[in-house]
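Asker: Input structure: input-v1.cif, which contains mmCIF, C-alpha atoms.
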data_my_file
loop_
_atom_site.label_atom_id
_atom_site.label_comp_id
_atom_site.auth_asym_id
_atom_site.auth_seq_id
_atom_site.Cartn_x
_atom_site.Cartn_y
_atom_site.Cartn_z
CA MET E 61 -3.07 -0.85 -5.54
CA VAL E 62 -2.12 -1.67 -9.12
CA ALA E 63 -5.36 -0.14 -10.40
CA LEU E 64 -4.54 3.05 -8.52
CA VAL E 65 -0.99 3.17 -9.84
CA LEU E 66 -2.13 2.52 -13.43
CA SER E 67 -4.34 5.58 -13.24
CA LEU E 68 -1.50 7.97 -12.40
CA GLY E 69 0.09 10.30 -14.91
CA GLY E 70 -1.30 12.91 -17.26
CA LEU E 71 -0.88 16.62 -17.81
CA ARG E 72 -0.23 17.62 -14.19
CA ARG E 73 2.64 15.15 -14.03
CA GLU E 74 3.88 16.42 -17.38
CA ARG E 75 3.80 19.97 -16.08
CA ALA E 76 6.02 18.93 -13.19
CA ALA E 77 8.37 17.27 -15.70
CA GLY E 78 8.28 20.31 -17.98
CA SER E 79 6.78 18.55 -21.00
CA ALA E 80 3.14 19.68 -20.66
CA GLY E 81 3.65 22.49 -23.16
CA PHE E 82 4.56 20.06 -25.92
CA THR E 83 1.60 17.79 -25.20
CA LEU E 84 -0.83 20.72 -24.98
CA ALA E 85 0.43 21.93 -28.37
CA LEU E 86 -0.85 18.75 -30.03
CA PRO E 87 -3.99 19.28 -32.14
CA VAL E 88 -6.24 17.29 -29.79
CA GLY E 89 -8.54 18.32 -26.95
CA ARG E 90 -7.71 17.62 -23.31
CA VAL E 91 -10.79 15.44 -23.00
CA GLN E 92 -9.56 13.34 -25.90
CA MET E 93 -6.15 12.97 -24.23
CA LEU E 94 -7.68 11.93 -20.94
CA ALA E 95 -10.18 9.60 -22.58
CA THR E 96 -7.32 7.82 -24.37
CA ARG E 97 -5.40 7.50 -21.12
CA ALA E 98 -8.50 6.20 -19.31
CA VAL E 99 -9.23 3.62 -22.01
CA THR E 100 -5.62 2.46 -22.05
CA GLY E 101 -5.50 2.21 -18.25
CA LEU E 102 -8.76 0.31 -18.05
CA ALA E 103 -7.58 -2.05 -20.80
CA GLU E 104 -4.38 -2.69 -18.84
CA MET E 105 -6.42 -3.32 -15.71
CA THR E 106 -8.66 -5.74 -17.60
CA ALA E 107 -5.58 -7.59 -18.81
CA LEU E 108 -4.32 -7.82 -15.22
CA THR E 109 -7.72 -9.10 -14.09
CA LEU E 110 -7.53 -11.84 -16.69
CA ILE E 111 -4.18 -13.11 -15.38
CA PRO E 112 -5.59 -15.06 -12.40
CA ALA E 113 -8.65 -16.03 -14.44
CA LEU E 114 -6.37 -17.71 -16.97
CA ILE E 115 -3.52 -18.92 -14.78
CA ILE E 116 -5.47 -20.56 -11.96
CA PRO E 117 -7.63 -22.90 -14.12
CA THR E 118 -4.67 -23.63 -16.41
CA LEU E 119 -2.04 -24.37 -13.78
CA SER E 120 -4.21 -25.97 -11.09
CA PRO E 121 -4.20 -29.40 -12.83
CA VAL E 122 -0.48 -29.14 -13.58
CA ILE E 123 0.83 -27.96 -10.20
CA ALA E 124 -1.81 -28.92 -7.61
CA HIS E 125 -3.44 -31.84 -9.50
CA GLN E 126 -6.80 -30.16 -8.93
CA THR E 127 -9.30 -28.58 -11.25
CA TYR E 128 -10.67 -25.07 -10.95
CA PRO E 129 -13.69 -24.06 -13.08
CA ILE E 130 -12.70 -21.44 -15.62
CA LEU E 131 -16.18 -19.90 -15.43
CA GLN E 132 -15.68 -19.31 -11.70
CA ALA E 133 -12.35 -17.67 -12.35
CA PHE E 134 -13.93 -15.30 -14.87
CA ARG E 135 -16.81 -14.49 -12.51
CA PHE E 136 -14.30 -13.48 -9.85
CA GLY E 137 -12.53 -11.48 -12.54
CA VAL E 138 -15.73 -9.48 -13.10
CA LEU E 139 -15.96 -8.75 -9.37
CA PHE E 140 -12.31 -7.67 -9.32
CA MET E 141 -12.84 -5.46 -12.34
CA SER E 142 -15.89 -3.72 -10.87
CA TRP E 143 -14.19 -2.32 -7.77
CA GLY E 144 -10.88 -2.06 -9.64
CA ALA E 145 -12.53 0.39 -12.05
CA VAL E 146 -13.64 2.52 -9.11
CA TRP E 147 -10.10 2.60 -7.70
CA PHE E 148 -8.85 3.46 -11.16
CA GLY E 149 -11.34 6.34 -11.35
CA ILE E 150 -10.24 7.62 -7.94
CA GLY E 151 -6.57 7.52 -8.90
CA PHE E 152 -7.43 9.20 -12.20
CA MET E 153 -9.13 12.03 -10.32
CA TRP E 154 -6.20 12.47 -7.91
CA SER E 155 -3.75 12.58 -10.83
CA VAL E 156 -5.73 15.48 -12.29
CA LEU E 157 -6.00 17.36 -9.00
CA PHE E 158 -2.47 17.01 -7.60
CA ALA E 159 0.62 18.34 -9.31
CA GLY E 160 3.25 17.61 -6.66
CA GLU E 161 5.64 14.79 -7.20
CA TYR E 162 4.49 11.65 -5.43
CA THR E 163 1.49 13.54 -4.03
CA ALA E 164 -1.04 11.89 -6.35
CA ALA E 165 0.67 8.52 -5.88
CA VAL E 166 0.64 8.77 -2.09
CA VAL E 167 -2.91 10.09 -1.89
CA SER E 168 -4.02 7.30 -4.25
CA LEU E 169 -2.33 4.62 -2.18
CA LEU E 170 -3.76 6.00 1.06
CA THR E 171 -7.29 6.30 -0.34
CA PRO E 172 -8.32 2.64 0.13
CA PHE E 173 -7.20 2.72 3.76
CA ALA E 174 -8.98 6.01 4.43
CA TYR E 175 -12.05 4.59 2.71
CA ILE E 176 -12.01 1.51 4.95
CA VAL E 177 -11.92 3.73 8.04
CA VAL E 178 -14.91 5.72 6.80
CA TYR E 179 -16.75 2.60 5.68
CA ALA E 180 -16.19 0.85 9.01
CA ASN E 181 -17.70 3.78 10.88
CA VAL E 182 -20.64 4.26 8.52
CA SER E 183 -21.48 0.57 8.30
CA GLY E 184 -21.38 -0.11 12.03
CA GLY E 185 -18.17 -2.09 11.92
CA GLY E 186 -18.88 -3.70 8.54
CA ARG E 187 -22.30 -5.05 9.44
CA ARG E 188 -24.20 -3.17 6.73
CA PHE E 189 -23.68 -2.20 3.08
CA LEU E 190 -21.47 -5.22 2.39
CA SER E 191 -21.21 -4.39 -1.32
CA ALA E 192 -19.59 -1.10 -0.34
CA ASN E 193 -16.76 -3.08 1.25
CA PRO E 194 -14.34 -3.59 -1.65
CA PHE E 195 -12.60 -6.54 -0.05
CA VAL E 196 -15.85 -8.37 0.70
CA PHE E 197 -17.31 -7.58 -2.71
CA MET E 198 -14.19 -8.52 -4.71
CA SER E 199 -13.82 -11.80 -2.84
CA GLY E 200 -17.47 -12.66 -3.50
CA VAL E 201 -17.74 -14.05 0.03
CA GLU E 202 -21.25 -12.64 0.55
CA HIS E 203 -22.49 -14.75 -2.37
CA PHE E 204 -21.04 -18.06 -1.22
CA THR E 205 -23.87 -20.42 -0.36
CA ASN E 206 -22.60 -23.97 -0.61
CA GLY E 207 -19.44 -23.96 1.52
CA THR E 208 -17.10 -24.40 -1.45
CA SER E 209 -16.11 -20.73 -1.90
CA THR E 210 -17.71 -20.66 -5.34
CA LEU E 211 -20.16 -18.17 -6.82
CA THR E 212 -23.26 -20.25 -7.36
CA GLY E 213 -26.00 -17.73 -8.13
CA ALA E 214 -26.19 -14.79 -10.46
CA LEU E 215 -23.53 -12.14 -10.25
CA PRO E 216 -24.59 -8.97 -8.38
CA TRP E 217 -25.23 -7.07 -11.60
CA ILE E 218 -27.00 -4.14 -9.95
CA GLU E 219 -24.01 -3.43 -7.73
CA ILE E 220 -21.65 -3.95 -10.66
CA VAL E 221 -23.58 -1.41 -12.74
CA VAL E 222 -23.56 1.05 -9.82
CA LEU E 223 -19.81 0.66 -9.42
CA ALA E 224 -19.32 1.11 -13.17
CA GLY E 225 -21.41 4.28 -12.92
CA VAL E 226 -19.27 5.58 -10.04
CA ALA E 227 -16.07 4.86 -12.00
CA SER E 228 -17.47 6.58 -15.10
CA ALA E 229 -18.54 9.59 -13.04
CA LEU E 230 -15.07 9.90 -11.50
CA ILE E 231 -13.37 9.73 -14.90
CA ALA E 232 -15.87 12.23 -16.38
CA ALA E 233 -15.32 14.58 -13.43
CA ALA E 234 -11.54 14.32 -13.90
CA MET E 235 -11.99 15.27 -17.57
CA TRP E 236 -14.18 18.22 -16.60
CA VAL E 237 -11.62 19.45 -14.06
CA SER E 238 -8.74 18.99 -16.50
CA SER E 239 -10.51 20.91 -19.26
CA ARG E 240 -10.71 23.94 -16.93
CA GLN E 241 -7.18 23.80 -15.56
CA SER E 242 -4.62 26.43 -16.42
CA PHE E 243 -1.12 25.28 -17.42
CA MET F 1 21.65 19.76 8.94
CA ALA F 2 20.35 21.53 5.84
CA LEU F 3 20.23 18.20 4.01
CA PHE F 4 18.09 16.69 6.74
CA TYR F 5 15.77 19.67 6.48
CA LYS F 6 15.65 19.29 2.68
CA ALA F 7 14.76 15.59 3.04
CA TRP F 8 12.06 16.49 5.54
CA LEU F 9 10.56 19.13 3.25
CA GLU F 10 10.48 16.63 0.38
CA SER F 11 8.80 13.89 2.37
CA ARG F 12 6.66 15.70 4.97
CA VAL F 13 3.41 15.56 2.97
CA ARG F 14 3.82 11.81 2.50
CA PHE F 15 4.65 11.36 6.16
CA LEU F 16 1.87 13.53 7.58
CA ALA F 17 -0.79 12.07 5.28
CA SER F 18 0.33 8.54 6.17
CA ALA F 19 0.39 9.32 9.88
CA GLY F 20 -3.13 10.70 9.68
CA VAL F 21 -4.53 7.65 7.91
CA LEU F 22 -2.62 5.22 10.16
CA ALA F 23 -3.86 6.93 13.32
CA ALA F 24 -7.41 7.09 11.97
CA TYR F 25 -7.34 3.39 11.15
CA CYS F 26 -6.03 2.41 14.61
CA ILE F 27 -8.55 4.61 16.41
CA SER F 28 -11.40 3.34 14.23
CA PHE F 29 -10.44 -0.32 14.69
CA VAL F 30 -10.21 -0.09 18.48
CA GLN F 31 -13.47 1.87 18.68
CA GLN F 32 -15.21 -0.85 16.66
CA ALA F 33 -14.43 -3.29 19.45
CA ARG F 34 -17.52 -1.83 21.12
CA LEU F 35 -19.56 -3.41 18.32
CA ASN F 36 -17.45 -6.31 17.07
CA PHE F 37 -15.76 -7.66 20.19
CA PRO F 38 -16.06 -10.45 21.07
CA PRO F 39 -16.83 -11.83 17.61
CA VAL F 40 -20.08 -13.77 17.33
CA PHE F 41 -18.36 -16.99 16.32
CA GLU F 42 -15.48 -16.63 18.80
CA PRO F 43 -17.06 -15.44 22.07
CA ARG F 44 -13.98 -16.45 24.10
CA LEU F 45 -11.45 -14.69 21.91
CA PRO F 46 -8.99 -12.68 24.05
CA TYR F 47 -9.01 -8.94 23.38
CA THR F 48 -5.27 -9.02 22.68
CA VAL F 49 -5.83 -11.50 19.83
CA TYR F 50 -8.58 -9.29 18.41
CA ILE F 51 -6.16 -6.35 18.39
CA TRP F 52 -3.35 -8.42 16.92
CA ARG F 53 -5.54 -9.61 14.06
CA GLY F 54 -6.73 -6.13 13.22
CA VAL F 55 -3.72 -3.95 13.92
CA TYR F 56 -0.57 -6.06 13.87
CA ASN F 57 -1.69 -8.69 11.36
CA GLY F 58 -4.31 -6.77 9.44
CA ILE F 59 -4.74 -3.88 7.05
CA ASP F 60 -2.60 -1.74 9.32
CA THR F 61 0.42 -3.92 8.49
CA LEU F 62 -0.15 -3.56 4.76
CA LEU F 63 -0.59 0.19 5.14
CA PHE F 64 2.62 0.46 7.14
CA VAL F 65 4.63 -1.49 4.55
CA VAL F 66 3.28 0.57 1.64
CA VAL F 67 3.96 3.83 3.48
CA ALA F 68 7.49 2.74 4.41
CA LEU F 69 8.23 1.94 0.77
CA VAL F 70 6.82 5.27 -0.41
CA LEU F 71 8.80 7.21 2.20
CA GLY F 72 11.97 5.73 0.76
CA LEU F 73 11.30 7.21 -2.68
CA GLY F 74 13.01 10.32 -3.95
CA GLY F 75 16.59 11.35 -4.47
CA LEU F 76 18.74 12.33 -7.42
CA GLN F 77 16.90 10.29 -10.05
CA ARG F 78 13.67 12.05 -9.10
CA GLU F 79 15.50 15.36 -9.18
CA ARG F 80 16.82 14.55 -12.62
CA ALA F 81 13.25 14.04 -13.84
CA ALA F 82 12.28 17.35 -12.23
CA GLY F 83 15.30 19.12 -13.71
CA THR F 84 16.91 20.08 -10.37
CA ALA F 85 19.55 17.34 -10.16
CA ASP F 86 22.29 19.62 -11.52
CA PHE F 87 21.83 22.09 -8.68
CA THR F 88 22.00 19.36 -6.05
CA LEU F 89 25.00 17.71 -7.70
CA ALA F 90 26.77 21.07 -7.75
CA LEU F 91 26.73 21.18 -3.94
CA PRO F 92 30.14 20.49 -2.36
CA LEU F 93 29.01 17.09 -1.11
CA THR F 94 29.45 13.52 -2.23
CA ARG F 95 26.43 11.58 -3.47
CA ILE F 96 26.64 9.33 -0.43
CA ARG F 97 26.36 12.36 1.85
CA LEU F 98 23.33 13.40 -0.16
CA LEU F 99 21.71 9.99 0.22
CA LEU F 100 22.37 9.24 3.88
CA PRO F 101 20.39 12.18 5.36
CA ARG F 102 17.44 11.21 3.16
CA ALA F 103 17.68 7.63 4.42
CA ALA F 104 17.97 8.82 8.04
CA VAL F 105 14.92 11.09 7.76
CA ALA F 106 12.86 8.33 6.12
CA MET F 107 13.90 5.89 8.88
CA GLY F 108 12.93 8.45 11.51
CA GLU F 109 9.56 8.97 9.88
CA VAL F 110 8.94 5.23 9.78
CA ALA F 111 9.89 4.97 13.44
CA ALA F 112 7.40 7.73 14.24
CA LEU F 113 4.70 5.90 12.28
CA ALA F 114 5.47 2.64 14.11
CA ILE F 115 4.93 4.36 17.43
CA ILE F 116 1.39 5.47 16.48
CA PRO F 117 -0.25 2.06 17.20
CA ALA F 118 1.83 1.76 20.37
CA ILE F 119 0.23 4.97 21.64
CA VAL F 120 -3.25 4.65 20.16
CA VAL F 121 -4.02 1.01 20.95
CA PRO F 122 -3.39 0.99 24.76
CA TRP F 123 -4.91 4.48 25.14
CA MET F 124 -8.05 3.83 23.11
CA SER F 125 -8.45 0.36 24.62
CA SER F 126 -8.55 1.82 28.11
CA ARG F 127 -11.20 4.29 26.96
CA ILE F 128 -13.53 1.47 25.91
CA GLY F 129 -12.93 -0.62 29.02
CA HIS F 130 -10.28 -3.03 27.76
CA VAL F 131 -6.62 -3.44 28.59
CA TYR F 132 -3.81 -3.80 26.09
CA PRO F 133 -0.30 -4.09 27.58
CA VAL F 134 1.86 -1.07 26.76
CA ALA F 135 5.00 -3.24 26.90
CA ASP F 136 3.74 -5.49 24.12
CA ALA F 137 2.60 -2.52 22.04
CA ILE F 138 6.12 -1.08 22.33
CA ARG F 139 7.67 -4.41 21.37
CA PHE F 140 5.50 -4.61 18.25
CA ALA F 141 6.49 -1.02 17.48
CA ALA F 142 10.15 -2.02 17.73
CA LEU F 143 9.58 -4.89 15.30
CA PHE F 144 7.70 -2.53 12.97
CA VAL F 145 10.65 -0.12 13.09
CA ALA F 146 13.11 -2.91 12.23
CA THR F 147 11.00 -4.27 9.35
CA GLY F 148 10.03 -0.76 8.26
CA ALA F 149 13.73 0.04 7.91
CA VAL F 150 14.01 -2.80 5.38
CA TRP F 151 11.05 -1.51 3.36
CA VAL F 152 12.36 2.07 3.46
CA SER F 153 15.71 0.79 2.23
CA ALA F 154 13.96 -1.11 -0.57
CA GLY F 155 12.20 2.12 -1.57
CA ILE F 156 15.51 4.00 -1.52
CA PHE F 157 17.13 1.27 -3.59
CA TRP F 158 14.43 1.31 -6.27
CA SER F 159 14.37 5.09 -6.45
CA THR F 160 18.16 5.03 -6.93
CA VAL F 161 18.36 2.39 -9.66
CA THR F 162 15.28 3.45 -11.67
CA SER F 163 15.07 6.77 -13.42
CA ALA F 164 11.72 6.76 -15.21
CA GLU F 165 8.93 8.55 -13.41
CA LEU F 166 6.72 6.30 -11.26
CA THR F 167 8.83 3.25 -12.16
CA GLY F 168 10.56 3.37 -8.78
CA ALA F 169 7.20 3.71 -7.06
CA VAL F 170 5.69 0.78 -8.94
CA ALA F 171 8.77 -1.39 -8.39
CA ALA F 172 8.72 -0.52 -4.68
CA ILE F 173 5.05 -1.35 -4.27
CA LEU F 174 5.41 -4.63 -6.14
CA THR F 175 8.44 -5.66 -4.04
CA PRO F 176 6.47 -7.05 -1.04
CA VAL F 177 4.11 -8.86 -3.41
CA VAL F 178 6.98 -10.54 -5.27
CA TYR F 179 8.70 -11.24 -1.95
CA VAL F 180 5.65 -12.95 -0.44
CA ALA F 181 5.06 -14.94 -3.64
CA THR F 182 8.69 -16.09 -3.55
CA VAL F 183 8.69 -17.03 0.11
CA SER F 184 5.36 -18.85 -0.01
CA SER F 185 6.06 -20.84 -3.17
CA THR F 186 9.58 -22.07 -2.48
CA ALA F 187 11.36 -24.13 0.18
CA LEU F 188 11.49 -20.98 2.32
CA ARG F 189 7.85 -21.65 3.13
CA ARG F 190 8.98 -24.23 5.72
CA TRP F 191 10.96 -21.57 7.58
CA PRO F 192 8.51 -19.01 9.01
CA ALA F 193 11.31 -16.66 10.06
CA ALA F 194 12.20 -16.19 6.38
CA ASN F 195 8.93 -14.31 5.94
CA ILE F 196 9.49 -10.74 7.07
CA PHE F 197 5.76 -10.32 7.68
CA ASN F 198 5.94 -13.14 10.25
CA VAL F 199 8.91 -11.48 11.92
CA MET F 200 7.00 -8.19 11.90
CA ASN F 201 4.09 -9.50 13.97
CA GLY F 202 5.42 -12.75 15.40
CA ALA F 203 3.04 -15.01 13.47
CA HIS F 204 4.17 -18.67 13.52
CA LEU F 205 7.25 -17.72 15.53
CA PRO F 206 8.09 -18.82 19.07
CA TYR F 207 8.30 -15.34 20.59
CA LEU F 208 4.54 -14.85 20.19
CA ASP F 209 2.01 -16.81 22.23
CA PRO F 210 -0.68 -17.91 19.72
CA ALA F 211 -3.28 -18.10 22.49
CA THR F 212 -2.92 -14.46 23.54
CA SER F 213 -0.93 -12.93 20.64
CA LEU F 214 1.37 -11.39 23.20
CA PHE F 215 5.13 -11.81 23.53
CA THR F 216 6.17 -14.90 25.45
CA GLY F 217 9.63 -13.97 26.59
CA ARG F 218 12.60 -12.03 25.39
CA PHE F 219 12.35 -9.60 22.53
CA PRO F 220 13.73 -11.18 19.31
CA TRP F 221 16.89 -9.10 19.18
CA GLY F 222 18.50 -11.50 16.72
CA ALA F 223 15.72 -11.00 14.16
CA ALA F 224 15.83 -7.24 14.67
CA LEU F 225 19.60 -7.26 14.14
CA VAL F 226 19.28 -9.28 10.92
CA LEU F 227 16.63 -6.88 9.62
CA THR F 228 18.84 -3.91 10.48
CA LEU F 229 21.74 -5.49 8.60
CA VAL F 230 19.52 -6.13 5.57
CA ALA F 231 18.38 -2.51 5.64
CA ALA F 232 21.99 -1.32 5.94
CA GLY F 233 22.97 -3.56 3.03
CA LEU F 234 20.23 -2.12 0.83
CA VAL F 235 21.22 1.45 1.73
CA ALA F 236 24.86 0.60 0.98
CA ALA F 237 23.83 -0.90 -2.38
CA SER F 238 21.82 2.25 -3.10
CA ALA F 239 24.84 4.41 -2.21
CA ALA F 240 27.03 2.36 -4.54
CA ALA F 241 24.46 2.66 -7.35
CA ALA F 242 24.11 6.41 -6.78
CA THR F 243 27.87 6.88 -6.89
CA ARG F 244 28.08 5.14 -10.27
CA SER F 245 25.01 6.79 -11.84
CA ASP F 246 25.56 9.10 -14.75
CA PHE F 247 23.56 12.35 -14.72
#
Now, as a test, write the supplied structure out as structure tokens.
Answerer:
Amino acid sequence: MVALVLSLGGLRRERAAGSAGFTLALPVGRVQMLATRAVTGLAEMTALTLIPALIIPTLSPVIAHQTYPILQAFRFGVLFMSWGAVWFGIGFMWSVLFAGEYTAAVVSLLTPFAYIVVYANVSGGGRRFLSANPFVFMSGVEHFTNGTSTLTGALPWIEIVVLAGVASALIAAAMWVSSRQSF
Amino acid sequence: MALFYKAWLESRVRFLASAGVLAAYCISFVQQARLNFPPVFEPRLPYTVYIWRGVYNGIDTLLFVVVALVLGLGGLQRERAAGTADFTLALPLTRIRLLLPRAAVAMGEVAALAIIPAIVVPWMSSRIGHVYPVADAIRFAALFVATGAVWVSAGIFWSTVTSAELTGAVAAILTPVVYVATVSSTALRRWPAANIFNVMNGAHLPYLDPATSLFTGRFPWGAALVLTLVAAGLVAASAAAATRSDF
């Protein structure tokens, strides 16, 4: 949800607010503007991903008198980031396509739920393509092997690279669409 | 009446899109019972518990809360950002009279959304050879309406007190997260009724039978009344904030 919200904004929103003309008058290309916004949003998302990775190992001994491996926390952070980047890319695309107030926000927030409906039907009720289930993939549950809810083997790098590719494609497509839009 | 129509025009895309996704989710979940029910590891699980887990205590609940919050957004602060606030403020109406129709329309939309599972679940269940009691579906819908009113009011409140674009939306969406974190990490944790999500679906509360996930006796009118009062309080706070805002 936060990844989707972080991706909102941009020229379409500025047009609705009446400030797009000023931004478009700046001596920079639209692709450069969108690339800067994408980098900033992804950096913010990375920072948010690091919050549990830092807080849980740090505070577990203090509050719960337990230890939690920091490496595990960072591995889960990578899983969060991989699907989070895809959600960010989807929100980024919606923010380029929709000009109406709240329209991009609402469509972005409804997208994960619509996706789950489609996924459930395509995957036979979640029996196949587990990596395509964001909740399963981000929780890492399909990689638990020792009953301790920890990621013991290698991270699913192939899936992570695929998801990074999907996110990059969505952001690139949003840039392409934006560069052809008329304001 | 024109103000109600204005509120409807401003929120109808949000409402219709949400209704479509909510209905699609409910239909999809019930249809999957053909494949997933009974679960492999719980062969004796009652069908009503399966539905409760997926619809009344699952993603559907989260979707409903998010949608209710989003339906509450809008109003004069949004109009100020769009540059139309002056026209609305020039109408011969007080700000409270501008706000109340918007709140009423949003509440009505949330009520309509809450009824979707009450219609879809018993109907689709019968189509796949299972039975889900209509009376219980309606009772859950009533609880969803009561809790949805609180979330709508929270959305109205945030959209009234925040002026920056998307700030109200972000604050509204983060509200249930902060609320759950607060309830689950303080002394309130020992009082299940303090968690509005429990009240919404009866989890850990005596009016829901944990064996069947159906209502045990009387509808929890007291809880519904408290939720209604909370919603009314938030709308009143929003009205007070709107009255004092400077445009």
Asker: If you apply the PyMOL selection byres ((chain E and resi 176) around 12) to this file, what residues do you get, as a short mmCIF file (atom, residue, chain, number, x, y, z; two decimals) with C-alpha atoms, in the frame of the given file?
Answerer:
data_model
loop_
_atom_site.label_atom_id
_atom_site.label_comp_id
_atom_site.auth_asym_id
_atom_site.auth_seq_id
_atom_site.Cartn_x
_atom_site.Cartn_y
_atom_site.Cartn_z
CA LEU E 170 -3.76 6.00 1.06
CA THR E 171 -7.29 6.30 -0.34
CA PRO E 172 -8.32 2.64 0.13
CA PHE E 173 -7.20 2.72 3.76
CA ALA E 174 -8.98 6.01 4.43
CA TYR E 175 -12.05 4.59 2.71
CA VAL E 177 -11.92 3.73 8.04
CA VAL E 178 -14.91 5.72 6.80
CA TYR E 179 -16.75 2.60 5.68
CA ALA E 180 -16.19 0.85 9.01
CA ASN E 181 -17.70 3.78 10.88
CA VAL E 182 -20.64 4.26 8.52
CA SER E 183 -21.48 0.57 8.30
CA GLY E 184 -21.38 -0.11 12.03
CA GLY E 185 -18.17 -2.09 11.92
CA GLY E 186 -18.88 -3.70 8.54
CA LEU E 190 -21.47 -5.22 2.39
CA ALA E 192 -19.59 -1.10 -0.34
CA ASN E 193 -16.76 -3.08 1.25
CA PRO E 194 -14.34 -3.59 -1.65
CA PHE E 195 -12.60 -6.54 -0.05
CA VAL E 196 -15.85 -8.37 0.70
CA VAL F 21 -4.53 7.65 7.91
CA LEU F 22 -2.62 5.22 10.16
CA ALA F 24 -7.41 7.09 11.97
CA TYR F 25 -7.34 3.39 11.15
CA CYS F 26 -6.03 2.41 14.61
CA SER F 28 -11.40 3.34 14.23
CA PHE F 29 -10.44 -0.32 14.69
CA ILE F 59 -4.74 -3.88 7.05
CA ASP F 60 -2.60 -1.74 9.32
CA LEU F 63 -0.59 0.19 5.14
#
Asker: As a VMD selection string, could you give me every residue of chain F near chain E (at most 10 Å apart, counting all atoms listed in the file)?
Answerer: chain F and resid 10 to 11 13 to 15 17 to 18 20 to 22 24 to 29 31 to 36 59 to 60 62 to 63 66 to 67 70 to 71 73 to 74 78 to 83 165 to 166 169 to 170 173 to 174
Asker: Report as a PyMOL selection string the residues that result from applying the PyMOL selection byres ((chain F and resi 152) around 8) to the structure here.
Answerer: chain F and resi 68-72+103+106-107+110+148-151+153-156+231
Asker: Output, as AutoDock Vina command-line options, the centre and edge lengths in Å (one decimal) of the axis-aligned box that contains all listed atoms of stretch 115-126 of chain E with 4 Å of margin on each side.
Answerer:
--center_x -3.4 --center_y -25.4 --center_z -12.0 --size_x 16.5 --size_y 20.9 --size_z 16.8
Asker: Evaluate the PyMOL selection byres ((chain E and resi 232-238) around 12) here and jot the selected residues down as an MDAnalysis selection string.
Answerer: chainID E and resid 67:68 70:72 84 89:98 148:159 225:231 239:243
Asker: Rounded to one decimal, what separation in Å do you get between atom CA of F:Asn57 and atom CA of F:Gly202?
Answerer: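 So the two atoms, atom CA of F:Asn57 and atom CA of F:Gly202, lie 9.1 Å apart.
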Asker: Hey, can you check how far atom CA of F:Val40 sits from atom CA of F:Asp209?
Answerer: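 A separation of 22.8 Å between them.
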Asker: Taking 2 positions as the minimum chain separation for residues in the same chain, which residues sit within 7 Å of F:Pro101 when counting only C-alpha atoms? Answer as a PyMOL selection string.
Answerer: chain F and resi 3-4+7+97-99+103-105
Asker: Go through F:Trp8, F:Tyr132, F:Pro176, F:Pro206 one by one, measure the shortest atom-to-atom distance of each to F:Gly108 using all atoms listed in the file, and give the residue with the smallest value.
Answerer: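 Closest to F:Gly108 of all the choices is F:Trp8.
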Asker: One decimal, Å: what's the distance from atom CA of F:Ser159 over to atom CA of F:Ala242, could you say?
Answerer: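 One can read the atom CA of F:Ser159 to atom CA of F:Ala242 distance as 9.8 Å.
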